[in-house]
Every structure is written in C-alpha cells, then in structure tokens.
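Remarks on the structure that follows.
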Amino acid sequence: MDRKRLTAIIGGSAGNLVEWYDWYAYSALTIYFAASFFPKGDPTAQLLGAAAIFAVGFLMRPIGAYVMGIYADRQGRKAGLTLSVALMCGGSLMIALAPTYAQVGNLAPGILVVARMIQGLSVGGEYGASSTYLSEMATRNNRGFWSSFQYVTLIGGQLVALAVLLLLQGLLSEAELNSWGWRIPFAIGAALALVVYLLRRRLAETAAFDALAADRPTSTAARLWREHRREFLIIVAISGGTSGAFYAFTTYMQKFLVNTSGFGKQSATEIMTAALIVFMLVQPLWGALSDRIGRKPLLMFAGFGGMIVAVPIFSELAVTKSASAAFALVLVPLVIIAAYNSIAAVFKAELFPPHIRSLGVSLPYAIGNAALGGTAEYVALWFKKEGLESGFYWYIAGLLAVSTAGFLMLPETKRTSLIVED
C-alpha cells in the first residue's frame, strides 16, 4: 500500500475515533449526570430518562445518514467526513455547557435533547462516509483488513471515553463527578473534534469518487429504493439486530454490571475497559480472515454464535460477583460479534455502485440502528423496572436471529464487490 493511501486511512480512522468518543461519552457518563437533568428520585427512573434522550440521538441518525449520505455521494467522501465532525463538535460543546434541572427546570433536558439531536445527525453521516472512504481507499486484497479499522476506531472512541472516566474517577470524588466533573469529557471531545475538522480538510479524495463521470446518476433516496431495494431491506434487518446486540454488550453492559450484578461503578468501568480492549484488537484479525475465506462465513458465525450465547451469558453475569469471571463472560459475545463488526463497513460498501454508495451504506444502517440499536438500553431498563429482566436476554437473542436471516440472504460480496478500484 502506498504512503498516500495509508496516510488517508489513518487520517480517516483518527477522525472516526473522535466522532465515536464524543458519541459514547454520553453513555459512559450517564450514571453521573442523569440526576443533573431529571428530578431526584429512583436512580433507575433517572437512567431511563437519560436513556430515552440517548435513543433520541439515534432517531436523528437516519436523517443525518440521508442528508450527508447524499452530500458525500455528490460532493465527495472527504466533504462528508468534514461536515460530520463539525456537527459533533457543536453537539459536545452544548452538553459541556448545558445548565442543570436545578438551574432551569425542564429546559435542561430540552437542551440535552437538542445536543443529542445534533450528535445524531453527525454520527448518522459519519458511518456511511467513513465506511465508504475506508473501503474505497483500501487495496482489493486487503479490503477487509483495512476497513476493519472503522470498528477499531469506533471501539477506540468508546475506550477513550472510558479511559477519561477512569482518570476522572481517580482524580475527583464521586460528589465532584456528579456535580461538575462529568462536563470535562464533553469539553475534551469538542476540542478534539475541532482538531480533526482541520485534519480532515487535508485528506485525499478516493479514486472511486474521482473516477465518477460528471453526468453520473444522482444519489437520492428514491433511486436507492427503486434500484437497490433488496439490499436496502437486508441491511435494515441486519443493522437493527446487530446494533441492538452491540449496544447491549458494550454501552449498556457497564450499567448492567452496576445495576444488576452489583459491581461498583469503578469496577464496572474497569471490567468493560479491559473487555473492550480485547474487542478492539480482534477486529483486524477477523477482517484479515475475511480477505482469505470471504465475508459470509464470518457473518454466519457472528449471527448464529451471538444468538446462542446471549441468554446464558446475561443470565450468568446477573449472578456473578467475581470481576475476573465477569470479564471472561463479557468477552464471549464480544469476540463472536466482532466477526460481524470487523467487516460491517466493507460488505455493505461492496453491495453498491460508487454514485450511490455512501447513501446506500448509511441510510438503511441508520434506520435499523435507530429502531433497535438506540432503544436497546431503554428496553433493558424497562424490562428491569417491570421485574422481567430476563426477558431482555431473549430479546437480544431474537434480534440476532433477525440479523442472521439477513446474512443468509446476502451474496459473498468479496467475489461480487462493486468496488472495482484497487
């Protein structure tokens, strides 16, 4: 791989990390700031309120995917990446400076909603633009490996958010974190997003976009639906199920370990940080394997494997009191679903022609993600509040069954890829 292409992949990946750091900081800090934005009372009820706003951000992602998917198909992948990180900067800054419920009453959660809407627009556009950019920049024989760095940096963003939280937990008291310390990660995120904005303005454009003719077909949602309906529906189904599982096993798991298993907040954060490091490191291994044996075997392993282990893993985690046992248990579903996450960018990009690729990757993904991914945490807390927590375990298994049905309907995209540039 030439130096220019490698630099572009590294630059695009670094921006993706910052985008997802900002997105995940909200979830990582919820246990500290939920009480600042909602009336005092039952902690589970406060977490439910914050989780509902988390879901609102997901509802904005299809809009961001639609607007910026078209933008990236028409103006370039680089332009889409630059716009998405600028929006994330604004959303994070709003949260860092937001007044509390005690200061402005119901206006406080309203401001939080607007900030998450902006972040939702940003991430909705980021996924399609970065998936397309990394997949188009990678060489043909190593496309699975290089595109896996989308999820390396996505998980890396979550890890950085957790690392910042661990640092603050060591430097500040719990009272200080609850009062004002939770604002610091959002301020850091806004500053990093500004740096990435300047970096992304210097990225090279992909050869696939540069090769498009001036009279190419226009990228629109109507054209996507008319010409690629089957692929659209399959990606919606796949993305909904896998996103629900992903957020259940990553972002919600931290709260599960505190609220159900009984671990302290810091212990839960340490367990998830260690597990996510392993989760991140296995992504390129799965991606490289897909370059040798194809995408579909990995997808089938992730679908059937995740479906089988969901209920027993959650059931055992609910009663374990050992941090090492919890760490080992969390790793099981994470390593299994990594087989999907590692190639999520590339197999979707390989399904669509370049003039509509960014929209084709981002819009159906965002719809499925908003419907079942963004609501996973809320559904989990609802089951718990109703005294039916084990129902959530079966819910996740059911979501993965839906995704597995979608995997069965896919072609082997390594052989049929519509990314023709090398």
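The chains in the structure tokens are called A, B, ... from first to last as shown; in each chain the residues are counted from 1, and the ligands are counted from 1 in the order shown.
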*Contacts of Ser179 in chain A at 10 Å (only C-alpha atoms; same-chain gap of 3+ positions) as a count of residues only*: 11
What are the nearest atom pairs, with distances in Å to one decimal, for all residues of range 132-164 of chain A that come at most 12 Å from range 254-268 of chain A, using only C-alpha atoms, set out by chain and rising residue number as a tab-separated table?
```
residue	atom	partner	partner_atom	distance
A:Gln158	CA	A:Gln254	CA	11.8
A:Leu162	CA	A:Gln254	CA	10.1
A:Ala163	CA	A:Gln266	CA	11.2
```
Output the selection as a compact mmCIF listing (two decimals), in the first residue's frame - C-alpha atoms for each residue.
```txt
# COMPACT_ATOMS: atom_id res chain seq x y z
CA GLN A 158 -15.55 4.17 23.44
CA LEU A 162 -13.95 5.09 29.44
CA ALA A 163 -10.26 5.95 29.98
```
*asked:* At a cut-off of 12 Å, using only C-alpha atoms, what residues contact Gly241 in chain A? Leave out same-chain residues fewer than 5 positions from it and give the result as a VMD selection string.
replied: chain A and resid 234 to 236 246 to 248 302 to 303 306 to 307 337 340 365 367 to 376 395 to 407
*as a PyMOL selection string, list the residues of range 281-400 of chain A assigned to alpha helix (DSSP H) by DSSP on the backbone atoms of this structure.*
chain A and resi 281-293+296-319+323-341+344-349+357-368+376-385+390-400
Each range 31-142 of chain A residue no farther than 9 Å from range 11-17 of chain A, nearest pair in Å, only C-alpha atoms, as CSV:
```
residue,atom,partner,partner_atom,distance
A:Lys78,CA,A:Gly12,CA,8.8
A:Leu81,CA,A:Gly12,CA,8.0
A:Val85,CA,A:Gly15,CA,7.5
A:Glu126,CA,A:Asn16,CA,7.4
A:Tyr127,CA,A:Asn16,CA,8.4
A:Ser130,CA,A:Gly12,CA,6.8
A:Tyr133,CA,A:Gly12,CA,7.6
A:Leu134,CA,A:Gly12,CA,7.2
```
_Need to verify the contact set: Ala108 in chain A, 9 Å, only C-alpha atoms, exclusion of same-chain residues closer than 5 positions in sequence. Can you return it as a ChimeraX atom specification?_
/A:36-38,98-103,113
Suppose we keep C-alpha atoms; can you now write the selection as an mmCIF file, in the first residue's frame?
```cif
data_model
loop_
_atom_site.group_PDB
_atom_site.id
_atom_site.type_symbol
_atom_site.label_atom_id
_atom_site.label_comp_id
_atom_site.auth_asym_id
_atom_site.auth_seq_id
_atom_site.Cartn_x
_atom_site.Cartn_y
_atom_site.Cartn_z
ATOM 1 C CA SER A 36 -28.457 16.757 36.991
ATOM 2 C CA PHE A 37 -31.063 16.767 34.225
ATOM 3 C CA PHE A 38 -34.018 14.986 35.844
ATOM 4 C CA ALA A 98 -25.672 22.761 29.492
ATOM 5 C CA PRO A 99 -27.449 24.087 32.615
ATOM 6 C CA THR A 100 -28.901 21.594 35.116
ATOM 7 C CA TYR A 101 -32.511 20.862 36.089
ATOM 8 C CA ALA A 102 -31.975 22.736 39.356
ATOM 9 C CA GLN A 103 -30.973 25.844 37.392
ATOM 10 C CA VAL A 113 -32.190 16.630 23.611
#
```
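Across the model, the gap from CA of Gly128 in chain A to CA of Ser358 in chain A is 5.1 Å.
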_So that I can check the surroundings of range 293-295 of chain A, please list as a VMD selection string every protein, DNA and RNA residue that reaches within 10 Å of it, counting only C-alpha atoms and ignoring chain neighbours fewer than 5 positions away._
chain A and resid 144 286 to 288 300 339 to 340 342 to 344 346 to 347 407 410 to 415
*7 Å contact set for Gly124 in chain A, only C-alpha atoms, chain neighbours under 2 positions out, as a PyMOL selection string*: chain A and resi 61-62+64-65+120-122+126-127+362+366
_Quick one: residues within 12 Å of Gln75 in chain A, only C-alpha atoms, excluding same-chain residues fewer than 4 positions away - as a PyMOL selection string?_
chain A and resi 67-71+79-83+129+205-206+209-210+212+214+218-219+355-356+358
*Using only C-alpha atoms, which residue out of A:Leu381, A:Leu334, A:Ala345, A:Leu388 lies closest to Leu48 in chain A?*
A:Leu381
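Nearest to Val332 in chain A of all the residues A:Glu136, A:Asp22, A:Glu421, A:Glu316 is A:Glu316, counting only C-alpha atoms.
Ranking A:Thr320, A:Ile238, A:Leu177, A:Pro354 by their shortest atom-to-atom distance to Ala213 in chain A, with only C-alpha atoms included, puts A:Pro354 first.
The spacing separating CA of Arg77 in chain A from CA of Ala8 in chain A amounts to 11.6 Å.
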